[in-house]
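Peer 1: Have a look at this one.
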Amino acid sequence: HCLQMAISNIRYGAGVTKEVGMDLQNLGARRVCLMTDKNLCQLPPVKAVLNSLAKHGINFQMYDNVRVEPTDQSFLDAIEFAKKGEFDAYVAVGGGSVMDTCKAANLYAASPASDFLDYVNAPIGKGKPVTVPLKPLIAVPTTAGTGSETTGVAIFDFKELKVKTGIASRAIKPTLGIVDPLHTLSMPERVVANSGFDVLCHALESYTALPYDQRSPCPPNPLSRPAYQGSNPISDVWALHALHIVAKYLKRAIRNPEDHEARARMHLASAFAGIGFGNAGVHLCHGMSYPISGLVKTYKAKDYNVDHSLVPHGLSVVLTSPAVFAFTAQIRPERHLEAAEILGADIRRARTKEAGLVLAETLRKFLFDLDVDDGLAAIGYSTADIPALVQGTLPQERVTKLSPRPQTEEDLAALFEASMKLY
């Protein structure tokens, strides 16, 4: 039983984005692909990157057509752009959607003979290991959420199946993550909240995931060792630390856009949780969130300027969290109690067998205080949708099998049912 730690290089500091032009110069980059989305084009983070590229004479092409909550088609459009451009380096400026799209573009441009499904996670795709060399990718996160700047994971909606899936390989993780807290100041309130919920669940899920030494069998070759290995002593440190920061600063960051300290701390927490879950993995909140986003009907989240209905990723993840942790807590209840305590619960009188209820109640209160929609019913789902939601969770084996407690289809149905209303 062994584990392997893989993370991107991280550079942190207010204003540090101005170095990106020098980084590309140092890499000897001649043709750079700059990826972002239509909203960010007009905002300070992209302007800071453009200024740095201009100052250092970097030749680049901009792709601003990234879709917020990307689909297989939006990935393919970006891949097409990357193949045509014959780039020797990539810069992604945005949230998880932009960073993930850029990772996919880099991968398939480097492997032009591959079919799109070759690298997509099994059982939806073939889940082939990546053996081609990729070009350098510099990620500049503008949300405090996905931690995508540190991980080898790229997630998208597979339209035909109405479910999210992704590509997971250490080979696609960025070369460098530039974590510049100034960029979080352009996030609207609900974007701060929903991306913060992603950090919260990354930390909680990786800390409570099946321990790495209980996974079997050991891969025959290190190349096929999964990025998501189960909870382990290295990831635990990062997950717990991220949880402490979320407990202390998330509410402040949401409630007061001028609270620069809180927003800067959450930006770091996002990277910390990314280091944790990027190696330990996530489990049921994420596995169940993929069909919640994928099957969306008409819900449009506040503060997201997009032309399609969407359930933001962090929201789709957090709505099941009370039900999920009430379910998983019978395995390693002490970890669930510890998490509840960090989030503000008084656990002095709590008995071990109440761990799940205590953590679930703590999460409900946390979400209620932050005006989160009242469960899946509030975002357009009803009991009639449960079978489809369960079917959409089943292919998410890469994450669901990391749940500390195995689950049947009936268990999943009960978890969706329990998440219809939270308060």
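Scheme for the structure tokens: letters A, B, ... for chains in order shown; per-chain residue numbers from 1; ligand numbers from 1 in order shown.
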Considering only C-alpha atoms, tabulate each residue of range 73-102 of chain A that lies at most 8 Å from range 108-122 of chain A along with its nearest interatomic pair and the corresponding distance in Å to one decimal; arrange the rows by chain and ascending residue number and present them as a tab-separated table.

Peer 2:
residue	atom	partner	partner_atom	distance
A:Ile79	CA	A:Tyr108	CA	6.4
A:Glu80	CA	A:Ala109	CA	8.0
A:Ala82	CA	A:Ala109	CA	5.9
A:Lys83	CA	A:Ala109	CA	4.8
A:Glu86	CA	A:Ala109	CA	7.8

Peer 1: Set the distance at 8 Å and use only C-alpha atoms: which residues neighbour Gln229 in chain A once local chain neighbours fewer than 3 positions away are removed? I'd like the list as a list in words.

Peer 2: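 Contacts, in chain order: Leu3, Tyr212, Arg215, Arg225, Pro226, Asn232, Asn279, Ala280 and Gly281 of chain A.
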
Peer 1: Take the residues just selected and output them with N, CA and C atoms as an mmCIF file, in the first residue's frame.

Peer 2:
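Result file out.cif:
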data_model
loop_
_atom_site.group_PDB
_atom_site.id
_atom_site.type_symbol
_atom_site.label_atom_id
_atom_site.label_comp_id
_atom_site.auth_asym_id
_atom_site.auth_seq_id
_atom_site.Cartn_x
_atom_site.Cartn_y
_atom_site.Cartn_z
ATOM 1 N N LEU A 3 1.133 5.597 -1.494
ATOM 2 C CA LEU A 3 0.389 6.701 -2.073
ATOM 3 C C LEU A 3 1.385 7.588 -2.782
ATOM 4 N N TYR A 212 -6.673 5.184 1.845
ATOM 5 C CA TYR A 212 -5.910 4.691 0.688
ATOM 6 C C TYR A 212 -5.451 3.246 0.859
ATOM 7 N N ARG A 215 -7.906 0.372 -0.316
ATOM 8 C CA ARG A 215 -8.288 0.218 -1.717
ATOM 9 C C ARG A 215 -7.540 -0.965 -2.295
ATOM 10 N N ARG A 225 -1.743 4.062 -11.585
ATOM 11 C CA ARG A 225 -2.247 4.420 -10.259
ATOM 12 C C ARG A 225 -3.164 5.625 -10.396
ATOM 13 N N PRO A 226 -4.398 5.553 -9.847
ATOM 14 C CA PRO A 226 -5.321 6.675 -10.057
ATOM 15 C C PRO A 226 -4.863 7.921 -9.305
ATOM 16 N N ASN A 232 -5.623 9.955 2.936
ATOM 17 C CA ASN A 232 -4.247 9.551 3.253
ATOM 18 C C ASN A 232 -3.619 10.629 4.110
ATOM 19 N N ASN A 279 -5.429 14.382 -4.649
ATOM 20 C CA ASN A 279 -4.710 13.138 -4.391
ATOM 21 C C ASN A 279 -5.541 12.116 -3.623
ATOM 22 N N ALA A 280 -6.482 12.592 -2.813
ATOM 23 C CA ALA A 280 -7.332 11.667 -2.050
ATOM 24 C C ALA A 280 -8.587 11.324 -2.844
ATOM 25 N N GLY A 281 -9.127 12.334 -3.536
ATOM 26 C CA GLY A 281 -10.387 12.141 -4.255
ATOM 27 C C GLY A 281 -11.561 12.674 -3.463
#

Peer 1: Where in range 84-313 of chain A does DSSP assign helix (DSSP H, G or I), given as a PyMOL selection string?

Peer 2: chain A and resi 84-85+96-110+116-118+148-150+159-161+170-172+181-186+189-208+212-214+222-224+233-255+260-280+284-294+313

Peer 1: Quick one: everything within 10 Å of range 335-344 of chain A, counting only C-alpha atoms, minus sequence neighbours fewer than 4 positions away in the same chain. Send it as a ChimeraX atom specification.

Peer 2: /A:200,203-204,207-208,240-241,243-248,325-326,328-331,348,350-363,366

Peer 1: Pull the strand (DSSP E) assignments for range 94-300 of chain A out of DSSP run on the backbone, and list those residues as a ChimeraX atom specification.

Peer 2: /A:94,137-141,153-158,163-168,176-179

Peer 1: Which of these, A:Asp373, A:Asp37, A:Glu417, A:Asp100, has the shortest distance to Asn305 in chain A once you count only C-alpha atoms?

Peer 2: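 For Asn305 in chain A, the nearest of the given residues is A:Asp37.
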